[in-house]
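For reference, the structure discussed in these notes is given below.
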Amino acid sequence: MKRRNAFLFFVLPFLAVLAFFALASLFQQADLKKRTEALVREQLSATAGILQTTVAHFLDEGRSPEAILDAILSEKDIYFVALLDAEKNVLAWNSRYEGYLPISLREAREGQSGIIDSPAGKIFSVLSAVAAEGGRGHFLYLGYALTGMEDMIARSRRTSLLLAGLILLAGGLFFRGLYRLQSNYVNKAREAESERLEKERFREISAFTSGVAHEIKNPLNSLALVLELLDRKVPADAKGDVNLGKAQVRTVARIVDRFSRVVKAVEPEVAPLPLDEVLRQAVESLAAEVPAARSRLGLESAPGVLVFGDRDLLVQAVLNVLKNAVEASPEAPVRAGGRRVGKKVEVRVRDSGPGLTPEVAARVFDPFYTTKEKGMGIGLYLTKRIIEAHGGTIEVRAADGGGTEFRIELPGA
Amino acid sequence: MRRVFWLVPLLAALAAVPAAGQPSGQAAAGHFYDVDKEVRFEGTVREIVLEPRYKGAAPFLVLRIEEKGLAKMSDIEVSPSWFFGDDIHAGERVKGVGSLSEGPEGARTIIARELHLRGETVTLRDKRGFPNWQGGPRGRRGIRRIGSW
């Protein structure tokens with residue numbers, strides 16, 4: 001899936017949900033605030049009404065302003081209260097906060113109510129007239145707030161923020177997972193495409209190679225027969241030339257055979273085999289083929305390790321790797337070793353040559369890829385096919401301390 | 001040489017914080033932060049005292065200052081001593097903004113809102129006289145100095 005599509009189908013709806021949630025929370029907050037304020041106003045109006053009657057009664061009883069305020073400030077939601085005379089002079093006052101009586105006596109009007117935004121929260125205030133007996137006019141200034149109102153709103157805001165955060169976190173985790181899934185899918189798709197192209201290329205090469213081999217083999221057989229007949233008829237001094245021709249024909253036949261082998265499907269007949277025998281056989285084969293390399297070959301294999309495989313194919317595979325190592329480091333020693341690692345069997349072949357560049361290492365198992373002047377790029381490719389046909393893996397890497405190391409992993413028996 | 005040296009934090013040990021939720025602001029009828037009576041003041045500190053100002057509240061730091069052109073000393077009501085975290089000495093010049101109010105025994109008293117001392121401004125109350133040491137549920141506008149000495 002393309003990034004644009006992922007954005008349209010996943011990210012955009014998620015953002016829309018988040019935006020909807022944020023809007024809903026905002027509206028809910030506003031509504032809560034509005035309802036709370038309405039409630040406080042109602043409470044303030046009711047409290048002011050009760051206090052007006054109470055204060056009027058106390059004034060009629062002749063209590064002092066201070067005594068009246070002491071009596072009425074037991075209400076926990078009253079933040080401040082002041083008793084004013086008819087000229088709006090403060091007779092007595094009381095407040096939760098030292099010296100805090102937020103009233104402008106110049107501007108105070110009867111029935112005037114307001115909201116004071118204080119650090120302690122919103123305080124609703126009202127100035128109401130108190131009519132005592134004998135026509136004595138007084139005013140009561142009251143500051144009222146529902147205890148915990150601000151806390152409740154703040155808690156609601158915090159809860160909304162927490163929920164939004166959780167949604168965001170969940171979304172983030174979801175999209176991270178989705179992104180990884182998408183990346184994996186894209187990588188796998190790329191690998192599959194690359195593999196498909198490789199197989200297609202291989203099929204084309206195989207078809208071409210088979211065709212060429214077939215076309216070459218027939219005349220080559222005829223040529224071999226002709227040379228054989230010629231060998232019997234030519235004089236002794238010409239036999240050398242005929243033998244050279246026969247040798248060249250054999251070389252061509254061998255090359256054609258190798259090509260034919262590459263394009264054939266690898267079908268191993270597996271059986272439990274002693275790993276050290278397979279390795280020793282490969283080393284012996286190489287020593288026979290390249291006698292000069294015998295002294296440079298070292299083998300260390302744990303006895304008793306069994307591997308599931310086809311003896312001839314595995315010997316061929318290890319031989320190819322050993323041959324490659326010997327050619328890569330003409331003077332230096334080559335070490336091969338085998339051991340059991342869990343349920344698997346591991347074979348390592350290490351040379352002390354100049355090592356492989358990352359570019360070469362990436363292509364070293366490609367068919368017909370070679371860095372040697374006389375190589376055909378078949379050996380390691382064939383090795384990889386044999387190992388994979390056994391359900392194993394082969395990898396190449398730079399060896400510690402220089403050189404190159406091939407690591408083959410095969411199913412143990 | 002300065003006659004009096006006050007290290008305010010030492011006095012904090014003597015101060016008591018009023019219990020939360022208790023009415024603590026009551027004082028003389030005219031002794032409140034009256035927004036209609038804001039004045040500026042400037043003078044030299046002559047005496048520093050701790051006085052109970054509000055019922056149920058911790059003693060307040062009061063600066064007795066000598067203002068130019070005034071025969072009588074003025075009382076500058078600052079804050080509870082625990083809130084005022086600066087050193088202050090007699091002989092220093094202070095200025096600020098506050099509300100003119102009635103003090104005990106009719107002394108000219110100013111409830112300070114802002115105090116400028118040695119080039120620094122200490123905000124003690126908001127524009128309506130809400131004391132900063134009370135903080136409030138939102139707390140952010142208040143200065144909480146408890147435990148910061």
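As shown in the structure tokens, the chain order sets the letters A, B, ...; within each chain, residues go from 1, and ligands are also counted from 1 in the order they appear.
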
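The residues of region 201-367 of chain A that DSSP assigns to strand (DSSP E or B) on this backbone come out as Ala271, Pro272, Leu273, Pro274, Leu297, Gly298, Leu299, Glu300, Ser301, Leu306, Val307, Phe308, Gly309, Val334, Arg335, Ala336, Gly337, Gly338, Arg339, Arg340, Val341, Lys344, Val345, Glu346, Val347, Arg348, Val349 and Arg350 of chain A.
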
Chain A near chain B within 6 Å: what's each residue's closest atom pair and its distance in Å to one decimal, counting only C-alpha atoms, ordered by chain then ascending residue number, as a Markdown table?
| residue | atom | partner | partner_atom | distance |
| --- | --- | --- | --- | --- |
| A:Val90 | CA | B:Ala29 | CA | 5.9 |
| A:Leu91 | CA | B:Ala29 | CA | 5.4 |
| A:Ala92 | CA | B:Ala29 | CA | 4.6 |
| A:Asn94 | CA | B:Gln26 | CA | 4.5 |
| A:Ser95 | CA | B:Gly25 | CA | 4.6 |
| A:Arg96 | CA | B:Pro23 | CA | 4.4 |
| A:Tyr97 | CA | B:Gly25 | CA | 5.1 |
| A:Glu98 | CA | B:Gly25 | CA | 4.0 |
| A:Gly99 | CA | B:Phe32 | CA | 4.3 |
| A:Tyr100 | CA | B:Phe130 | CA | 5.4 |
| A:Pro102 | CA | B:Arg128 | CA | 5.5 |
| A:Ser104 | CA | B:Asp36 | CA | 5.8 |
| A:Pro119 | CA | B:Gly136 | CA | 5.2 |
| A:Ala120 | CA | B:Gly136 | CA | 3.7 |

Quiz item: Hey, what's within 6 Å of Val45 (chain B) if we count only C-alpha atoms and toss same-chain stuff fewer than 2 positions away? As an MDAnalysis selection string, please?
Solution: chainID B and resid 47 64:65 90:92

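Close contacts of Phe124 (chain A), defined as residues with an atom at most 9 Å away when counting only C-alpha atoms, with chain neighbours fewer than 5 positions off set aside, comprise Glu37, Val40, Arg41, Leu44, Ser113, Gly114, Ile115, Ile116, Asp117, Leu142, Gly143, Tyr144 and Ala145 of chain A.
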
Practice problem: Extract, using only C-alpha atoms, all DNA, RNA and protein residues at most 6 Å from Tyr141 (chain A), discarding same-chain residues fewer than 5 positions from it, and format them as a ChimeraX atom specification. | Solution: /A:81-82,126-127

Can I get the selected residues back with N, CA and C atoms, as a PDB file, in the first residue's frame?
ATOM      1  N   VAL A  81     -17.492  38.312  52.940  1.00  0.00           N
ATOM      2  CA  VAL A  81     -18.789  38.950  53.175  1.00  0.00           C
ATOM      3  C   VAL A  81     -18.515  40.286  53.859  1.00  0.00           C
ATOM      4  N   ALA A  82     -19.297  41.293  53.511  1.00  0.00           N
ATOM      5  CA  ALA A  82     -19.125  42.607  54.149  1.00  0.00           C
ATOM      6  C   ALA A  82     -20.508  43.202  54.407  1.00  0.00           C
ATOM      7  N   VAL A 126     -22.229  39.497  44.821  1.00  0.00           N
ATOM      8  CA  VAL A 126     -23.486  40.236  44.685  1.00  0.00           C
ATOM      9  C   VAL A 126     -23.601  41.235  45.842  1.00  0.00           C
ATOM     10  N   LEU A 127     -24.134  42.383  45.513  1.00  0.00           N
ATOM     11  CA  LEU A 127     -24.385  43.399  46.542  1.00  0.00           C
ATOM     12  C   LEU A 127     -25.899  43.523  46.665  1.00  0.00           C
TER      13      LEU A 127
END

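Comparing B:Glu51, B:Asp86, B:Glu38, B:Glu67 by their smallest distance to His116 (chain B), the closest is B:Asp86 (using only C-alpha atoms).
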
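The neighbours of Ala362 (chain A) here are the residues that come within 12 Å of it, using only C-alpha atoms and leaving out any residue fewer than 3 positions away in the same chain; they are Leu356, Thr357, Pro358, Glu359, Phe365, Asp366, Tyr369, Glu395, Val396, Arg397 and Ala398 of chain A.
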